[in-house]
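Enquirer: Before anything else, here's the structure in question.
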Amino acid sequence: MISRSLDDHMPSSSTAPHPLQRNLAPHLHPFQKPREYTRAMTAVKMDRMFAKPFVDALGGHQDGVYCLGKDPRRVAVVAGGGGDGEVIVHSLALRRPLLKIPNAHKGMVGGICWTSESQDGKRGMVTCGKLDGTVKIWRSEAFAPGLRDKEVFTGSEFASGSGSASTEVLDTAGAIGEGGFEFDEEEGGGLSLDSSKRDALGSKLEPTMTYTSKNGFNSIDHHRTESVFATASNTVQVWDENRSAPLSTLAFGSSMETVAAVRFNQSETSVLASVGNDRTMCLYDVRTGKAERRIVMQFKSNALSWCPTLPTVMLLASEDHNLYTFDIRNLNSPNQIYKGHVGGVMGCDWSPTGEEFVSGSYDRTIRLWNRETGKSRDVYHTKRMQRVFDVTYTPTADFVLSASDDGNVRIWKSNASKKLGPVSTKERQAMEHRQKLIERYSTEKGVRSVKERRHVPQSIHNATKLKREMIESRKVKDDRRRSHTRAGREKPKAERKKTVIVEQK
Amino acid sequence: MDALLASAGPLPNKRSNKGKNRSAWTRPTGPTSHQTITRADGSQIDPSLNSILPSTRLPSSFHSSNLATGSSSAPFKPDAGLGRIGDKKLRSKLARQDVGAKKAKQEREDVDEWLNKAVSGGKGGIEVDEEEGERTWRVRQKDIVDSVGVGVSGKKFDLKLEDMGTYRVDYTRNGRHLAIASSKGHIATFDWQAGKLHSEIQLRESVRDIKFLQSENFFAVAQKKYVFIYDQDGVELHKLKQHIDPIHMEYLPYHYLLTTVGHAGYLKYHDVSTGVMLTQIPSHLGSPHSMAQNPHSAIIHLGHSNGTMTLWSPNMTTPHVKLLAHRGPVNGIAVDPSEGSAGRYVATSGMDGVVKIWDGRMWGKEVRSWKVRNQITTLGYSGMGMLSVGGKSGVTIYRDLQSNTHRTPTPYLTLPLPSLTASATKFCPFDDLLCVGHERGISSLLVPGAGEPNFDSAEADVYETYSRRREREVRGVLEKIRPELITLDTDFLGHVNEGRGGETFEEREARSFRQLGRLERLRATGKADESDQGGLADDDDDDDEDKEDDTPEVRKQKEKRRMKGKGGATSRYLRKKAKKNIVDESLLAMKAKVAAQKQQEEKRRKIASGQIVQETGALARFQ
């Protein structure tokens, strides 16, 4: 006979929790699937309910922002280059400019990057002009508030083996730079809360180095550890920070195409890749000083980015609305095609984990992608955001930044429904459970439709529809044509095989 | 560049035998930090793997082989069928899921084995020495009461309520509270363990059924004209005027649906969380004699006066199943909720004095049937699968009904009620009790081994407190299952829906290859993998076979096969054997037989086509 003792089933004291007895046998848990499905439905609806990706817009630019340069050593410092040659260094933590350099260049700013070290407690920012053909290195305490000149050192502050003192400085620098307010205002003018003082400081700032060339620079990227940077004009040039003439000029054969973007590989740091206006993507090795190989594609690419965790994987943002990942060991065809934009893709950037990336397009939207799926995970847009010209992930992967035509740098959450601020263990577990449920039932129609449905502006909605129809009808036509030709005459070609026209060595 | 290529390792290339580029792809000089180091004995060390292992590995005490149970010493391997999937990402994902499901199942079984088993072994219940002529059905209630402890013997009680008519009873889902209703209008609800009366009403009109709703706070009463809902204090909350002349009620706890059926034979579903009538379905079979719900699928069973039983869900206006169960009105239906059945076995009883057990997977014929001497009025199943058959002058209880199905079962217990007829029998959930309603009140009787001993507090907590009940009610409404999900096949969610409905044949035919669905495309190219229909993570039931032969394609294929002579029993047997890769004597013999048959067939064909001339006459015998 069943005889239960009340002592086993009542709380031991008035504050103790109610004791639970579990029996996981399935016959005591009927309707497991429907109940779990209902929970998944609730979870996915909550996920969409909490999806508020927009965090803030950082203004201050007189013209559109056409390039972004995040400081890879700081979590919350990003520089935006305007169409009028103005460069503004923004602090994401404070949500205001650290420094404005009004006339950094004459005409448009082509690209911004950061040096690999700091000198005398001053972080270095490298900018290049699209029209005036100059590269300038700017150094100021304001770029990295808190990097003090107590310890005088030169060379690479961040590279390993430079001594324990430097790492200490790095740590305090990061900490103070984030908070910002405990900073002594008299000494470090950069963090001055008074904007007029700050502006005066910025307008007085002179570049520590200037490099000139006949041609304008479209893009710039700094070597990860050494004091070397590469620029893109009608050739790819590699410069040493301490020399006014380029170390080497790289070109594939005798081609004189306009190079749109250039990037150093982040793991194998002497490898360099560029995309050009002749629809090409070219790989170089700095040590040999030669172009290694090149592919010609159907459309030109606007930007490229190397995966930070997979050294052989690169991402191209193409003018044909798609993004492509390539494994450089096999350049015949892309690993994956990412479709979704309805305008040329202007910028792309990997998340620090290399699992996801962000892209910004001429169609005024930003899309977030998983590396393994060809469909975008999320799409961001606002009424006021115009053509997006550059996007970047922050080094913490929490946020995504976009630079657009309307003169704002916008901060978005990289996960639209993620809660900002502290999360208790219980809450985190609940959220993880909900995510798992969504993942499990995401193939089911009800859950999937809620999960994948995104509201996009009318124009994009219509453009998507039109594009889909056009492609569909073209493919159907191909299919019909094929079925009326002699068997085997025309074989269907996979989409991925069509992308690369020729690979040159 | 070369260093980068080298450090990334070679690409898993299909055409790896091309030796031309080898020199360019590997660098002979010293290894980088990513490269595998070959030891002298031939084994290899992957430095990057070894650098992360200490931080990612489980402590060895957590390894399944070192667990106390030891049952899971063999590592879990994903289903072998997964190897056929070409897509690497999908394959690894499914393999991971499969291993996870297997692991969870193993853990659940371990818990079941080590924690939930009865201490004495077996299923519990009365044990007697059969060989010495002792029989369990000779054990009387008095004997049981004498031999059990004081705490348990108190659970046997009688409420003597004379001249109130016949009583109907209902327990809450946790078995804690009891509601009784007499046919003459006496209604009471109480916590029977504490002996605390919640409410008692004299309605002064005929009452036909009573049911608790989501908790002991609310109960519905089928009265003379309408259904009424009362709260714990006996205050009338709602009058459900749409339910006219109700005779039977069922409450579906996970769907928040109150189901009633009246004299007119209309089955009505009422959502009690929103107060909206969901649907009403005419059964067209007159006033039903009995009603039951399947607690595992929320299908409503109705027993009719012409001997048929029908199975209903709110999504269809016709019954899912309609079967002729008895040669007379079906007056008792009960669905087995126990572990071995989980809603598959259904017991019915008829005025013809026969009890039948049905298997929900195959309604064609009853699993077993037997005749009972007294007139049966009501049936009930307990949490451990005991069947109570209530009728004139007593209740008989059976157990182990799934074994020895060819014989008439011997009763487990008999509970005589002299000169009384049991009008309702209900086993108390999670307790060894049977509550019987009759003309003189109710009797709570002890039935050892009837109740499920291990309850789950997350589902139905026997010791539910006020705050936990509140929590459960809120959660329950949040997780209310949509009525559309009530189906006969409880496992349909998450399966592939093959049909692309809403199209005419012409439209389907006019679509080019490009516009076909994925499955259709795979079929057209002959790549569709149709051998395994069920999901991998699902339990390994063998009832998947009868699912697939409804689609026209499959039917077509079958016909085709039959024409070619491939559908025979022999070849099916051979195929099955070959699949399992078992070669034994019977297989060899069968193969030889098939070969001989083939030869003969060939010869006959050649003769028919005139390739060889069959000898007739005297020489024919020498062929």
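Chain labels A, B, ... are given in the sequence in which chains occur in the structure tokens; within each chain residues are numbered consecutively from 1, and ligands are likewise numbered from 1 in the order shown.
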At a cut-off of 9 Å, using only C-alpha atoms, what residues contact region 98-100 of chain A? Leave out same-chain residues fewer than 6 positions from it and give the result as a VMD selection string.

Expert: chain A and resid 60 77 86 to 91 142 to 143 145 190 to 192 198 to 203

Enquirer: Neighbours of Ser270 (chain A) within 9 Å (only C-alpha atoms; same-chain residues fewer than 2 positions away dropped), as a list in words?

Expert: His223, Phe264, Asn265, Gln266, Ser267, Glu268, Leu272, Tyr284, Asp285, Val286 and Arg287 of chain A; Met1 of chain B

Enquirer: Nearest to chain A among B:Val613, B:Ala450, B:Ala578, B:Val261, with distances taken over only C-alpha atoms: which residue is it?

Expert: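 When distances to chain A are compared using only C-alpha atoms, the smallest one comes from B:Ala450.
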
Enquirer: May I ask for the distance between CA of Asp158 (chain B) and CA of Ala334 (chain B), given in Å to one decimal place?

Expert: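 Between these atoms lies a distance of 24.2 Å.
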
Enquirer: If I take CA of Pro314 (chain B) and CA of Leu267 (chain B), how far is one from the other in Å, to one decimal?

Expert: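 Interatomic distance here is 8.9 Å.
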
Enquirer: Kindly assemble as a Markdown table a list of the chain A residues that lie within 7 Å of chain B, each paired with its nearest atom pair and their distance in Å to one decimal, using only C-alpha atoms, sorted first by chain and then by ascending residue number.

Expert:
| residue | atom | partner | partner_atom | distance |
| --- | --- | --- | --- | --- |
| A:Met1 | CA | B:Pro448 | CA | 5.0 |
| A:Ile2 | CA | B:Asp431 | CA | 6.1 |
| A:Ser3 | CA | B:Val152 | CA | 6.3 |
| A:His9 | CA | B:Tyr463 | CA | 6.6 |
| A:Leu20 | CA | B:Ser457 | CA | 5.7 |
| A:Gln21 | CA | B:Ser457 | CA | 5.4 |
| A:Arg22 | CA | B:Asp456 | CA | 4.4 |
| A:Asn23 | CA | B:Asp456 | CA | 4.9 |
| A:Leu24 | CA | B:Arg108 | CA | 6.4 |
| A:His27 | CA | B:Glu339 | CA | 5.3 |
| A:Pro30 | CA | B:His296 | CA | 5.1 |
| A:Phe31 | CA | B:His296 | CA | 6.4 |
| A:Lys33 | CA | B:Leu493 | CA | 6.9 |
| A:Pro34 | CA | B:Ile481 | CA | 6.4 |
| A:Arg35 | CA | B:Ile481 | CA | 6.1 |
| A:Thr38 | CA | B:Glu479 | CA | 5.8 |
| A:Arg39 | CA | B:Glu479 | CA | 6.1 |
| A:Glu268 | CA | B:Leu4 | CA | 5.7 |
| A:Val271 | CA | B:Met1 | CA | 5.7 |
| A:Asp285 | CA | B:Met1 | CA | 5.6 |
| A:Thr312 | CA | B:Ala8 | CA | 6.9 |
| A:Arg329 | CA | B:Leu5 | CA | 6.7 |
| A:Glu444 | CA | B:Gly494 | CA | 6.1 |
| A:Val476 | CA | B:Arg514 | CA | 6.2 |
| A:Asp479 | CA | B:Arg514 | CA | 6.9 |

Enquirer: Suppose you want the space between CA of Thr396 (chain B) and CA of Gln193 (chain B); what is it in Å?

Expert: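 Taking CA of Thr396 (chain B) as the start and CA of Gln193 (chain B) as the end point, the length is 24.7 Å.
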
Enquirer: Which polymer residues have any atom within 9 Å of an atom of Val139 (chain B), counting only C-alpha atoms, with same-chain residues fewer than 4 positions away left out, as a ChimeraX atom specification?

Expert: /B:126,134-135,143-144,413-414

Enquirer: Only N, CA and C atoms, please: the residues just picked out, written as a PDB file, in the first residue's frame.

Expert:
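Written file, again_1.pdb:
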ATOM      1  N   ILE B 126      -1.147  -7.141  -3.676  1.00  0.00           N
ATOM      2  CA  ILE B 126      -1.235  -8.310  -2.776  1.00  0.00           C
ATOM      3  C   ILE B 126      -0.502  -9.496  -3.398  1.00  0.00           C
ATOM      4  N   GLU B 134      -4.463 -20.162  -2.142  1.00  0.00           N
ATOM      5  CA  GLU B 134      -4.839 -18.798  -1.786  1.00  0.00           C
ATOM      6  C   GLU B 134      -5.114 -18.010  -3.051  1.00  0.00           C
ATOM      7  N   ARG B 135      -6.077 -17.184  -3.008  1.00  0.00           N
ATOM      8  CA  ARG B 135      -6.429 -16.367  -4.160  1.00  0.00           C
ATOM      9  C   ARG B 135      -6.556 -14.929  -3.702  1.00  0.00           C
ATOM     10  N   ASP B 143      -9.544  -7.805   5.832  1.00  0.00           N
ATOM     11  CA  ASP B 143      -8.198  -8.372   5.939  1.00  0.00           C
ATOM     12  C   ASP B 143      -7.149  -7.319   5.608  1.00  0.00           C
ATOM     13  N   ILE B 144      -7.444  -6.542   4.582  1.00  0.00           N
ATOM     14  CA  ILE B 144      -6.463  -5.521   4.179  1.00  0.00           C
ATOM     15  C   ILE B 144      -6.330  -4.470   5.278  1.00  0.00           C
ATOM     16  N   LEU B 413      -9.221  -8.492  -7.272  1.00  0.00           N
ATOM     17  CA  LEU B 413      -9.962  -8.259  -6.039  1.00  0.00           C
ATOM     18  C   LEU B 413     -11.445  -8.209  -6.371  1.00  0.00           C
ATOM     19  N   THR B 414     -12.247  -8.628  -5.442  1.00  0.00           N
ATOM     20  CA  THR B 414     -13.685  -8.392  -5.580  1.00  0.00           C
ATOM     21  C   THR B 414     -14.130  -7.578  -4.379  1.00  0.00           C
TER      22      THR B 414
END

Enquirer: Enumerate the residues of region 281-324 of chain B with a DSSP assignment of strand (DSSP E), computed from the backbone, and present them as a PyMOL selection string.

Expert: chain B and resi 281-282+290-293+300-303+308-312+321-324

Enquirer: Name all residues at most 10 Å from Lys52 (chain A) (count only C-alpha atoms; drop same-chain ones fewer than 6 positions away) and give them as a list in words.

Expert: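 Near Lys52 (chain A), the qualifying residues are Tyr380, Trp412, Lys413, Asn415, Ala416, Ser417, Lys418 and Lys419 of chain A.
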
Enquirer: For the residues in that selection, give me N, CA and C atoms as an mmCIF file, in the first residue's frame.

Expert:
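As written to disk, result_30.cif reads:
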data_model
loop_
_atom_site.group_PDB
_atom_site.id
_atom_site.type_symbol
_atom_site.label_atom_id
_atom_site.label_comp_id
_atom_site.auth_asym_id
_atom_site.auth_seq_id
_atom_site.Cartn_x
_atom_site.Cartn_y
_atom_site.Cartn_z
ATOM 1 N N TYR A 380 18.309 45.137 -39.849
ATOM 2 C CA TYR A 380 18.058 46.368 -39.098
ATOM 3 C C TYR A 380 17.875 47.529 -40.065
ATOM 4 N N TRP A 412 23.979 49.506 -32.789
ATOM 5 C CA TRP A 412 22.912 48.495 -32.742
ATOM 6 C C TRP A 412 23.377 47.344 -31.884
ATOM 7 N N LYS A 413 22.410 46.679 -31.285
ATOM 8 C CA LYS A 413 22.773 45.452 -30.575
ATOM 9 C C LYS A 413 23.003 44.351 -31.600
ATOM 10 N N ASN A 415 22.601 41.249 -31.012
ATOM 11 C CA ASN A 415 21.495 40.327 -30.822
ATOM 12 C C ASN A 415 20.301 41.167 -30.397
ATOM 13 N N ALA A 416 19.315 41.277 -31.283
ATOM 14 C CA ALA A 416 18.289 42.302 -31.129
ATOM 15 C C ALA A 416 17.534 42.206 -29.811
ATOM 16 N N SER A 417 17.311 40.989 -29.320
ATOM 17 C CA SER A 417 16.480 40.862 -28.127
ATOM 18 C C SER A 417 17.296 40.636 -26.865
ATOM 19 N N LYS A 418 18.597 40.792 -26.953
ATOM 20 C CA LYS A 418 19.429 40.543 -25.776
ATOM 21 C C LYS A 418 19.220 41.628 -24.743
ATOM 22 N N LYS A 419 19.222 41.205 -23.499
ATOM 23 C CA LYS A 419 19.045 42.183 -22.435
ATOM 24 C C LYS A 419 20.382 42.820 -22.119
#

Enquirer: Find the spatial neighbours of Ala245 (chain A), counting only C-alpha atoms, within a cut-off of 12 Å - ignore same-chain residues fewer than 5 positions away - and output them as a list of chain:residue names.

Expert: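 Here the qualifying residues turn out to be A:Thr134, A:Val135, A:Met209, A:Thr210, A:Tyr211, A:Thr212, A:Ser213, A:Gln237, A:Val238, A:Trp239, A:Asp240.
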
Enquirer: Select from region 130-211 of chain B everything DSSP, run on the backbone, classes as alpha helix (DSSP H), then give the selection as a PyMOL selection string.

Expert: chain B and resi 141-147+150-153

Enquirer: Save the residues we just selected, C-alpha atoms, as a PDB file, in the first residue's frame?

Expert:
ATOM      1  CA  GLN B 141     -11.390  -5.348   2.779  1.00  0.00           C
ATOM      2  CA  LYS B 142     -11.321  -6.244   6.448  1.00  0.00           C
ATOM      3  CA  ASP B 143      -8.198  -8.372   5.939  1.00  0.00           C
ATOM      4  CA  ILE B 144      -6.463  -5.521   4.179  1.00  0.00           C
ATOM      5  CA  VAL B 145      -7.433  -2.980   6.797  1.00  0.00           C
ATOM      6  CA  ASP B 146      -6.174  -5.278   9.532  1.00  0.00           C
ATOM      7  CA  SER B 147      -2.831  -5.798   7.929  1.00  0.00           C
ATOM      8  CA  VAL B 150      -3.092   3.077  10.912  1.00  0.00           C
ATOM      9  CA  GLY B 151      -2.326   5.883   8.463  1.00  0.00           C
ATOM     10  CA  VAL B 152      -3.521   3.809   5.544  1.00  0.00           C
ATOM     11  CA  SER B 153      -6.471   2.054   7.147  1.00  0.00           C
TER      12      SER B 153
END

Enquirer: Can you tell me which residues surround Lys498 (chain A) at a distance of at most 10 Å, considering only C-alpha atoms, apart from same-chain residues fewer than 2 positions away, and format the answer as a PyMOL selection string?

Expert: chain A and resi 297-298+332-334+493-496+500-501

Enquirer: I'd like the contact shell of region 161-172 of chain B - 8 Å cut-off, only C-alpha atoms, skipping same-chain residues fewer than 3 positions apart - returned as a PDB file with N, CA and C atoms, in the first residue's frame.

Expert:
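After the write, out34.pdb holds the following:
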ATOM      1  N   GLY B 175      -5.427  13.884  -6.830  1.00  0.00           N
ATOM      2  CA  GLY B 175      -6.054  12.909  -5.951  1.00  0.00           C
ATOM      3  C   GLY B 175      -6.336  13.409  -4.557  1.00  0.00           C
ATOM      4  N   ARG B 176      -6.218  14.648  -4.336  1.00  0.00           N
ATOM      5  CA  ARG B 176      -6.318  15.202  -2.996  1.00  0.00           C
ATOM      6  C   ARG B 176      -7.781  15.507  -2.631  1.00  0.00           C
ATOM      7  N   HIS B 177      -8.531  15.904  -3.613  1.00  0.00           N
ATOM      8  CA  HIS B 177      -9.896  16.369  -3.327  1.00  0.00           C
ATOM      9  C   HIS B 177     -10.905  15.500  -4.046  1.00  0.00           C
ATOM     10  N   LEU B 178     -12.076  15.399  -3.446  1.00  0.00           N
ATOM     11  CA  LEU B 178     -13.114  14.519  -3.967  1.00  0.00           C
ATOM     12  C   LEU B 178     -14.402  15.312  -4.105  1.00  0.00           C
ATOM     13  N   ALA B 179     -15.068  15.091  -5.219  1.00  0.00           N
ATOM     14  CA  ALA B 179     -16.373  15.719  -5.414  1.00  0.00           C
ATOM     15  C   ALA B 179     -17.396  14.620  -5.605  1.00  0.00           C
ATOM     16  N   ILE B 180     -18.541  14.750  -4.931  1.00  0.00           N
ATOM     17  CA  ILE B 180     -19.591  13.755  -5.103  1.00  0.00           C
ATOM     18  C   ILE B 180     -20.879  14.479  -5.480  1.00  0.00           C
ATOM     19  N   ALA B 181     -21.663  13.805  -6.286  1.00  0.00           N
ATOM     20  CA  ALA B 181     -22.923  14.400  -6.710  1.00  0.00           C
ATOM     21  C   ALA B 181     -23.959  13.297  -6.796  1.00  0.00           C
ATOM     22  N   SER B 182     -25.069  13.495  -6.127  1.00  0.00           N
ATOM     23  CA  SER B 182     -26.115  12.479  -6.202  1.00  0.00           C
ATOM     24  C   SER B 182     -27.107  12.842  -7.284  1.00  0.00           C
ATOM     25  N   SER B 183     -27.823  11.851  -7.765  1.00  0.00           N
ATOM     26  CA  SER B 183     -28.740  12.105  -8.862  1.00  0.00           C
ATOM     27  C   SER B 183     -29.902  12.984  -8.415  1.00  0.00           C
ATOM     28  N   LYS B 184     -30.092  13.113  -7.116  1.00  0.00           N
ATOM     29  CA  LYS B 184     -31.207  13.939  -6.646  1.00  0.00           C
ATOM     30  C   LYS B 184     -30.748  15.337  -6.253  1.00  0.00           C
ATOM     31  N   GLY B 185     -29.491  15.654  -6.484  1.00  0.00           N
ATOM     32  CA  GLY B 185     -29.087  17.040  -6.314  1.00  0.00           C
ATOM     33  C   GLY B 185     -28.248  17.360  -5.103  1.00  0.00           C
ATOM     34  N   HIS B 186     -27.709  16.354  -4.453  1.00  0.00           N
ATOM     35  CA  HIS B 186     -26.816  16.637  -3.329  1.00  0.00           C
ATOM     36  C   HIS B 186     -25.385  16.687  -3.844  1.00  0.00           C
ATOM     37  N   ARG B 208     -26.482  14.947 -13.134  1.00  0.00           N
ATOM     38  CA  ARG B 208     -26.040  13.742 -13.841  1.00  0.00           C
ATOM     39  C   ARG B 208     -24.541  13.537 -13.803  1.00  0.00           C
ATOM     40  N   ASP B 209     -23.772  14.606 -13.607  1.00  0.00           N
ATOM     41  CA  ASP B 209     -22.315  14.408 -13.572  1.00  0.00           C
ATOM     42  C   ASP B 209     -21.670  15.574 -12.843  1.00  0.00           C
ATOM     43  N   ILE B 210     -20.485  15.306 -12.342  1.00  0.00           N
ATOM     44  CA  ILE B 210     -19.705  16.365 -11.685  1.00  0.00           C
ATOM     45  C   ILE B 210     -18.251  16.189 -12.091  1.00  0.00           C
ATOM     46  N   LYS B 211     -17.582  17.315 -12.323  1.00  0.00           N
ATOM     47  CA  LYS B 211     -16.163  17.268 -12.729  1.00  0.00           C
ATOM     48  C   LYS B 211     -15.434  18.456 -12.134  1.00  0.00           C
ATOM     49  N   PHE B 212     -14.242  18.168 -11.586  1.00  0.00           N
ATOM     50  CA  PHE B 212     -13.361  19.256 -11.178  1.00  0.00           C
ATOM     51  C   PHE B 212     -12.772  19.900 -12.418  1.00  0.00           C
ATOM     52  N   LEU B 213     -12.546  21.199 -12.377  1.00  0.00           N
ATOM     53  CA  LEU B 213     -11.842  21.864 -13.471  1.00  0.00           C
ATOM     54  C   LEU B 213     -10.358  21.902 -13.121  1.00  0.00           C
ATOM     55  N   SER B 215      -8.440  23.099 -10.950  1.00  0.00           N
ATOM     56  CA  SER B 215      -8.005  22.850  -9.588  1.00  0.00           C
ATOM     57  C   SER B 215      -9.246  22.577  -8.751  1.00  0.00           C
ATOM     58  N   GLU B 216      -9.033  22.377  -7.448  1.00  0.00           N
ATOM     59  CA  GLU B 216     -10.170  22.105  -6.582  1.00  0.00           C
ATOM     60  C   GLU B 216     -11.041  23.345  -6.389  1.00  0.00           C
ATOM     61  N   SER B 423     -22.613   2.958  -9.289  1.00  0.00           N
ATOM     62  CA  SER B 423     -22.983   3.868 -10.380  1.00  0.00           C
ATOM     63  C   SER B 423     -21.768   4.601 -10.916  1.00  0.00           C
ATOM     64  N   ALA B 424     -20.707   4.660 -10.132  1.00  0.00           N
ATOM     65  CA  ALA B 424     -19.480   5.291 -10.611  1.00  0.00           C
ATOM     66  C   ALA B 424     -18.315   4.701  -9.848  1.00  0.00           C
ATOM     67  N   THR B 425     -17.234   4.382 -10.558  1.00  0.00           N
ATOM     68  CA  THR B 425     -16.014   3.971  -9.860  1.00  0.00           C
ATOM     69  C   THR B 425     -14.887   4.866 -10.340  1.00  0.00           C
ATOM     70  N   LYS B 426     -14.090   5.317  -9.429  1.00  0.00           N
ATOM     71  CA  LYS B 426     -12.954   6.175  -9.777  1.00  0.00           C
ATOM     72  C   LYS B 426     -11.786   5.774  -8.906  1.00  0.00           C
ATOM     73  N   CYS B 428      -8.368   6.640  -7.132  1.00  0.00           N
ATOM     74  CA  CYS B 428      -7.752   7.887  -6.687  1.00  0.00           C
ATOM     75  C   CYS B 428      -6.368   7.967  -7.318  1.00  0.00           C
ATOM     76  N   PRO B 429      -6.041   9.066  -8.006  1.00  0.00           N
ATOM     77  CA  PRO B 429      -4.708   9.176  -8.595  1.00  0.00           C
ATOM     78  C   PRO B 429      -3.638   9.173  -7.499  1.00  0.00           C
ATOM     79  N   CYS B 435     -12.845   4.772  -5.303  1.00  0.00           N
ATOM     80  CA  CYS B 435     -14.042   5.394  -4.766  1.00  0.00           C
ATOM     81  C   CYS B 435     -15.234   4.897  -5.582  1.00  0.00           C
ATOM     82  N   VAL B 436     -16.193   4.352  -4.905  1.00  0.00           N
ATOM     83  CA  VAL B 436     -17.365   3.805  -5.585  1.00  0.00           C
ATOM     84  C   VAL B 436     -18.589   4.603  -5.143  1.00  0.00           C
ATOM     85  N   GLY B 437     -19.330   5.082  -6.122  1.00  0.00           N
ATOM     86  CA  GLY B 437     -20.587   5.763  -5.800  1.00  0.00           C
ATOM     87  C   GLY B 437     -21.743   4.806  -6.029  1.00  0.00           C
ATOM     88  N   HIS B 438     -22.717   4.789  -5.109  1.00  0.00           N
ATOM     89  CA  HIS B 438     -23.865   3.886  -5.245  1.00  0.00           C
ATOM     90  C   HIS B 438     -25.099   4.550  -4.648  1.00  0.00           C
ATOM     91  N   GLU B 439     -26.137   3.753  -4.412  1.00  0.00           N
ATOM     92  CA  GLU B 439     -27.399   4.345  -3.970  1.00  0.00           C
ATOM     93  C   GLU B 439     -27.354   4.826  -2.526  1.00  0.00           C
ATOM     94  N   ARG B 440     -26.385   4.325  -1.778  1.00  0.00           N
ATOM     95  CA  ARG B 440     -26.352   4.714  -0.358  1.00  0.00           C
ATOM     96  C   ARG B 440     -25.088   5.508  -0.061  1.00  0.00           C
ATOM     97  N   GLY B 441     -24.746   6.384  -0.931  1.00  0.00           N
ATOM     98  CA  GLY B 441     -23.576   7.214  -0.661  1.00  0.00           C
ATOM     99  C   GLY B 441     -22.361   6.744  -1.439  1.00  0.00           C
ATOM    100  N   ILE B 442     -21.198   6.901  -0.838  1.00  0.00           N
ATOM    101  CA  ILE B 442     -19.979   6.480  -1.508  1.00  0.00           C
ATOM    102  C   ILE B 442     -19.160   5.635  -0.555  1.00  0.00           C
TER     103      ILE B 442
END
